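Working notes, beginning with the structure itself.
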Protein chains: 2
Amino acid sequence: MDTTDYDLENLPPDLSYEDFLQMLLPLRDSLDILGGKWKLQIIFSLKFGRKRFKEIQREIPGITSKMLSKELKDLEMNDLATRYVHNTAPITVEYELSEYGKTLKSVVIELYKWGSAHRKHITSK
Amino acid sequence: MDTTDYDLENLPPDLSYEDFLQMLLPLRDSLDILGGKWKLQIIFSLKFGRKRFKEIQREIPGITSKMLSKELKDLEMNDLATRYVHNTAPITVEYELSEYGKTLKSVVIELYKWGSAHRKHITSK
DNA sequence: CGGCATCCGGCGGGATACTG
DNA sequence: CAGTATCCCGCCGGATGCCG
């Protein structure tokens with residue numbers, strides 16, 4: 001696989017278009033993981049500790065079980081959240097943000113900072 | 001308007017859901033501006049200087065004039081790109097990344113860094 | 001050349017019902 | 001309770017054509 005790391009400040013001038021698209025992949029990964037209607041809300045919900053499926057759903061008005069289930073599976077696939085199944089009757093499942101998931105913090109903060117400054121920039125004209 | 005800035009590290013525990021959604025808005029702004037199929041490619045294309053409409057389109061295989069036009073208008077609305085119209089026949093139009101647009105750099109780099117590390121994290125399991 | 005108008009297909013995602 | 005299955009609608013975005 002291709003593990004080339006690019007220095008975004010100084011991209012090689014002879015970068016082929018294919019390599020350019022390769023370079024965009026990690027960027028898209030980040031955007032996909034945080035993008036969409038529900039991802040951020042779920043991630044923030046899990047930031048405050050281990051939660052049951054229904055708890056999360058209650059905290060996020062409007063989300064259907066289908067969407068929540070799909071998004072959680074997504075987070076789990078990306079190793080960002082961990083799923084705990086308990087042999088109770090009826091079954092209960094808990095989710096928590098993984099240690100690795102917490103590495104998202106810096107990106108999220110950066111996005112927030114820029115977005116926040118941007119709102120001011122835009123409304124000041 | 002609401003210009004409250006939140007400290008994402010220490011969110012007030014009594015944060016109402018409405019305030020929480022408010023807090024997400026800047027994050028969504030950032031994600032919307034960089035997300036989508038073409039935004040990054042266009043931004044990177046403009047990073048290398050002032051370009052004509054057709055030039056950009058040639059550099060981005062597959063993009064239709066409709067999409068390019070829409071995305072550029074979007075960037076312009078957000079003050080990220082500047083449009084220059086020349087009274088030639090036929091008309092020519094140039095675009096360039098605004099000075100303000102360059103402030104995106106830190107966010108983009110952060111997204112790239114995390115996404116890049118994430119690819120390694122995921123493929124190493 | 002730089003766009004806008006129109007038509008249209010795919011799909012993200014909502015509503016609802018059902019199951020282990 | 002924690003999902004899955006089905007149906008369905010809106011809309012993003014592609015294709016094509018036209019216009020100043």
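Chain lettering (A, B, ...) mirrors the order of the structure tokens, residue numbering begins at 1 for each chain separately, and ligand numbering begins at 1 in order of display.
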What are the closest atom pairs, with distances in Å to one decimal, for each residue of chain B lying within 8 Å of chain A, using only C-alpha atoms, rows by chain and rising residue number, as a Markdown table?
| residue | atom | partner | partner_atom | distance |
| --- | --- | --- | --- | --- |
| B:Thr3 | CA | A:Lys120 | CA | 7.6 |
| B:Asp5 | CA | A:Ser116 | CA | 7.4 |
| B:Leu8 | CA | A:Ile109 | CA | 6.8 |
| B:Leu24 | CA | A:Leu40 | CA | 7.8 |
| B:Leu25 | CA | A:Gly115 | CA | 7.9 |
| B:Pro26 | CA | A:Gly115 | CA | 4.2 |
| B:Leu27 | CA | A:Tyr112 | CA | 4.7 |
| B:Arg28 | CA | A:Gly115 | CA | 7.6 |
| B:Asp29 | CA | A:Gly115 | CA | 5.6 |
| B:Ser30 | CA | A:Gly115 | CA | 5.0 |
| B:Leu31 | CA | A:Gly35 | CA | 6.4 |
| B:Leu34 | CA | A:Leu31 | CA | 7.8 |
| B:Gly35 | CA | A:Leu31 | CA | 6.3 |
| B:Leu40 | CA | A:Leu24 | CA | 7.8 |
| B:Asn78 | CA | A:Ile122 | CA | 6.9 |
| B:Asp79 | CA | A:Ile122 | CA | 7.7 |
| B:Leu104 | CA | A:Trp114 | CA | 7.5 |
| B:Ser106 | CA | A:Glu110 | CA | 7.8 |
| B:Val107 | CA | A:Glu110 | CA | 5.9 |
| B:Val108 | CA | A:Leu27 | CA | 7.4 |
| B:Ile109 | CA | A:Leu8 | CA | 6.8 |
| B:Glu110 | CA | A:Val107 | CA | 5.9 |
| B:Leu111 | CA | A:Leu27 | CA | 5.5 |
| B:Tyr112 | CA | A:Leu27 | CA | 4.7 |
| B:Lys113 | CA | A:Pro26 | CA | 7.8 |
| B:Trp114 | CA | A:Ser30 | CA | 6.8 |
| B:Gly115 | CA | A:Pro26 | CA | 4.2 |
| B:Ser116 | CA | A:Pro26 | CA | 4.9 |
| B:His118 | CA | A:Pro26 | CA | 7.8 |
| B:Arg119 | CA | A:Pro26 | CA | 7.0 |
| B:Lys120 | CA | A:Thr3 | CA | 7.6 |
| B:Ile122 | CA | A:Asn78 | CA | 6.9 |
Select all residues from chain A having any atom no more than 8 Å from an atom of chain D (counting only C-alpha atoms (C1' of nucleotides), ignoring ligands), output as a PDB file with N, CA and C atoms, in the first residue's frame.
ATOM      1  N   PHE A  53     -27.141   2.290  24.092  1.00  0.00           N
ATOM      2  CA  PHE A  53     -27.729   2.671  22.798  1.00  0.00           C
ATOM      3  C   PHE A  53     -28.891   3.638  22.994  1.00  0.00           C
ATOM      4  N   LYS A  54     -29.824   3.259  23.824  1.00  0.00           N
ATOM      5  CA  LYS A  54     -31.007   4.093  24.045  1.00  0.00           C
ATOM      6  C   LYS A  54     -30.666   5.443  24.667  1.00  0.00           C
ATOM      7  N   SER A  65     -33.123   4.688  15.062  1.00  0.00           N
ATOM      8  CA  SER A  65     -32.250   3.593  15.487  1.00  0.00           C
ATOM      9  C   SER A  65     -31.410   3.109  14.305  1.00  0.00           C
ATOM     10  N   LYS A  66     -32.005   3.183  13.138  1.00  0.00           N
ATOM     11  CA  LYS A  66     -31.255   2.767  11.949  1.00  0.00           C
ATOM     12  C   LYS A  66     -30.005   3.617  11.763  1.00  0.00           C
ATOM     13  N   SER A  69     -27.487   3.151  14.714  1.00  0.00           N
ATOM     14  CA  SER A  69     -26.816   1.864  14.578  1.00  0.00           C
ATOM     15  C   SER A  69     -25.739   1.931  13.498  1.00  0.00           C
ATOM     16  N   PRO A  90     -33.697  -8.011  28.654  1.00  0.00           N
ATOM     17  CA  PRO A  90     -33.189  -8.059  27.273  1.00  0.00           C
ATOM     18  C   PRO A  90     -31.758  -7.563  27.194  1.00  0.00           C
ATOM     19  N   ILE A  91     -31.156  -7.841  26.098  1.00  0.00           N
ATOM     20  CA  ILE A  91     -29.761  -7.510  25.877  1.00  0.00           C
ATOM     21  C   ILE A  91     -29.519  -6.003  26.044  1.00  0.00           C
ATOM     22  N   THR A  92     -28.385  -5.671  26.630  1.00  0.00           N
ATOM     23  CA  THR A  92     -28.001  -4.257  26.684  1.00  0.00           C
ATOM     24  C   THR A  92     -26.628  -4.097  26.048  1.00  0.00           C
ATOM     25  N   VAL A  93     -26.437  -2.982  25.411  1.00  0.00           N
ATOM     26  CA  VAL A  93     -25.170  -2.710  24.725  1.00  0.00           C
ATOM     27  C   VAL A  93     -24.688  -1.333  25.124  1.00  0.00           C
TER      28      VAL A  93
END
Could you make a table, as a Markdown table, of the residues of chain C that have an atom within 12 Å of an atom of chain B, each with its nearest atom pair and distance in Å to one decimal, counting only C-alpha atoms (C1' of nucleotides), in chain and number order?
| residue | atom | partner | partner_atom | distance |
| --- | --- | --- | --- | --- |
| C:DC1 | C1' | B:Pro90 | CA | 5.6 |
| C:DG2 | C1' | B:Phe53 | CA | 7.1 |
| C:DG3 | C1' | B:Ser69 | CA | 7.0 |
| C:DC4 | C1' | B:Lys66 | CA | 8.0 |
| C:DA5 | C1' | B:Lys66 | CA | 10.5 |
Can I get the selection written as a short mmCIF file (atom, residue, chain, number, x, y, z; two decimals), in the first residue's frame, with C-alpha atoms (C1' of nucleotides)?
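Heads up, here's the output in result.cif:
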data_model
loop_
_atom_site.label_atom_id
_atom_site.label_comp_id
_atom_site.auth_asym_id
_atom_site.auth_seq_id
_atom_site.Cartn_x
_atom_site.Cartn_y
_atom_site.Cartn_z
"C1'" DC C 1 -15.70 31.38 -22.69
"C1'" DG C 2 -18.19 31.19 -18.60
"C1'" DG C 3 -22.00 30.06 -17.07
"C1'" DC C 4 -27.40 28.86 -16.47
"C1'" DA C 5 -31.65 25.85 -17.41
#
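Here atom CA of A:Leu75 stands at a distance of 12.1 Å from atom CA of A:Lys102.
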Taking the DSSP assignment computed from this structure's backbone, write out as a list of chain:residue names all residues of stretch 1-112 of chain A that belong to strand (DSSP E or B).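 Taking stretch 1-112 of chain A and keeping strand (DSSP E or B) only, one gets A:Lys51, A:Arg52, A:Ala81, A:Thr82, A:Arg83, A:Tyr84, A:Val85, A:His86, A:Thr92, A:Val93, A:Glu94, A:Tyr95, A:Glu96, A:Leu97.
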Please write the residues from the selection above to a file, keeping N, CA and C atoms, as a PDB file, in the first residue's frame.
ATOM      1  N   LYS A  51     -22.029   4.879  27.284  1.00  0.00           N
ATOM      2  CA  LYS A  51     -23.479   5.087  27.172  1.00  0.00           C
ATOM      3  C   LYS A  51     -24.154   3.898  26.515  1.00  0.00           C
ATOM      4  N   ARG A  52     -25.389   3.683  26.908  1.00  0.00           N
ATOM      5  CA  ARG A  52     -26.177   2.646  26.253  1.00  0.00           C
ATOM      6  C   ARG A  52     -26.786   3.210  24.972  1.00  0.00           C
ATOM      7  N   ALA A  81     -14.754   3.950  18.468  1.00  0.00           N
ATOM      8  CA  ALA A  81     -15.644   3.622  19.575  1.00  0.00           C
ATOM      9  C   ALA A  81     -15.565   2.132  19.851  1.00  0.00           C
ATOM     10  N   THR A  82     -15.856   1.769  21.083  1.00  0.00           N
ATOM     11  CA  THR A  82     -15.830   0.365  21.472  1.00  0.00           C
ATOM     12  C   THR A  82     -17.217  -0.064  21.907  1.00  0.00           C
ATOM     13  N   ARG A  83     -17.570  -1.269  21.526  1.00  0.00           N
ATOM     14  CA  ARG A  83     -18.901  -1.798  21.802  1.00  0.00           C
ATOM     15  C   ARG A  83     -18.814  -2.853  22.883  1.00  0.00           C
ATOM     16  N   TYR A  84     -19.663  -2.746  23.886  1.00  0.00           N
ATOM     17  CA  TYR A  84     -19.708  -3.744  24.956  1.00  0.00           C
ATOM     18  C   TYR A  84     -21.095  -4.358  25.017  1.00  0.00           C
ATOM     19  N   VAL A  85     -21.168  -5.666  24.873  1.00  0.00           N
ATOM     20  CA  VAL A  85     -22.454  -6.354  24.904  1.00  0.00           C
ATOM     21  C   VAL A  85     -22.608  -7.079  26.243  1.00  0.00           C
ATOM     22  N   HIS A  86     -23.749  -6.904  26.881  1.00  0.00           N
ATOM     23  CA  HIS A  86     -23.998  -7.565  28.160  1.00  0.00           C
ATOM     24  C   HIS A  86     -25.087  -8.619  28.012  1.00  0.00           C
ATOM     25  N   THR A  92     -28.385  -5.671  26.630  1.00  0.00           N
ATOM     26  CA  THR A  92     -28.001  -4.257  26.684  1.00  0.00           C
ATOM     27  C   THR A  92     -26.628  -4.097  26.048  1.00  0.00           C
ATOM     28  N   VAL A  93     -26.437  -2.982  25.411  1.00  0.00           N
ATOM     29  CA  VAL A  93     -25.170  -2.710  24.725  1.00  0.00           C
ATOM     30  C   VAL A  93     -24.688  -1.333  25.124  1.00  0.00           C
ATOM     31  N   GLU A  94     -23.411  -1.243  25.402  1.00  0.00           N
ATOM     32  CA  GLU A  94     -22.841   0.059  25.728  1.00  0.00           C
ATOM     33  C   GLU A  94     -21.766   0.418  24.715  1.00  0.00           C
ATOM     34  N   TYR A  95     -21.600   1.699  24.553  1.00  0.00           N
ATOM     35  CA  TYR A  95     -20.551   2.201  23.661  1.00  0.00           C
ATOM     36  C   TYR A  95     -19.714   3.204  24.422  1.00  0.00           C
ATOM     37  N   GLU A  96     -18.438   3.228  24.085  1.00  0.00           N
ATOM     38  CA  GLU A  96     -17.631   4.310  24.615  1.00  0.00           C
ATOM     39  C   GLU A  96     -16.602   4.743  23.585  1.00  0.00           C
ATOM     40  N   LEU A  97     -16.178   5.974  23.723  1.00  0.00           N
ATOM     41  CA  LEU A  97     -15.140   6.486  22.849  1.00  0.00           C
ATOM     42  C   LEU A  97     -13.840   5.781  23.222  1.00  0.00           C
TER      43      LEU A  97
END
Using DSSP secondary structure from the backbone, list all helix (DSSP H, G or I) positions within chain B, as a PyMOL selection string. chain B and resi 8-10+17-34+39-47+53-59+65-77+100-123
Atom-to-atom span, atom CA of B:Ser16 and atom CA of A:Gly62, Å: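 Computed distance, atom CA of B:Ser16 to atom CA of A:Gly62, equals 16.1 Å.
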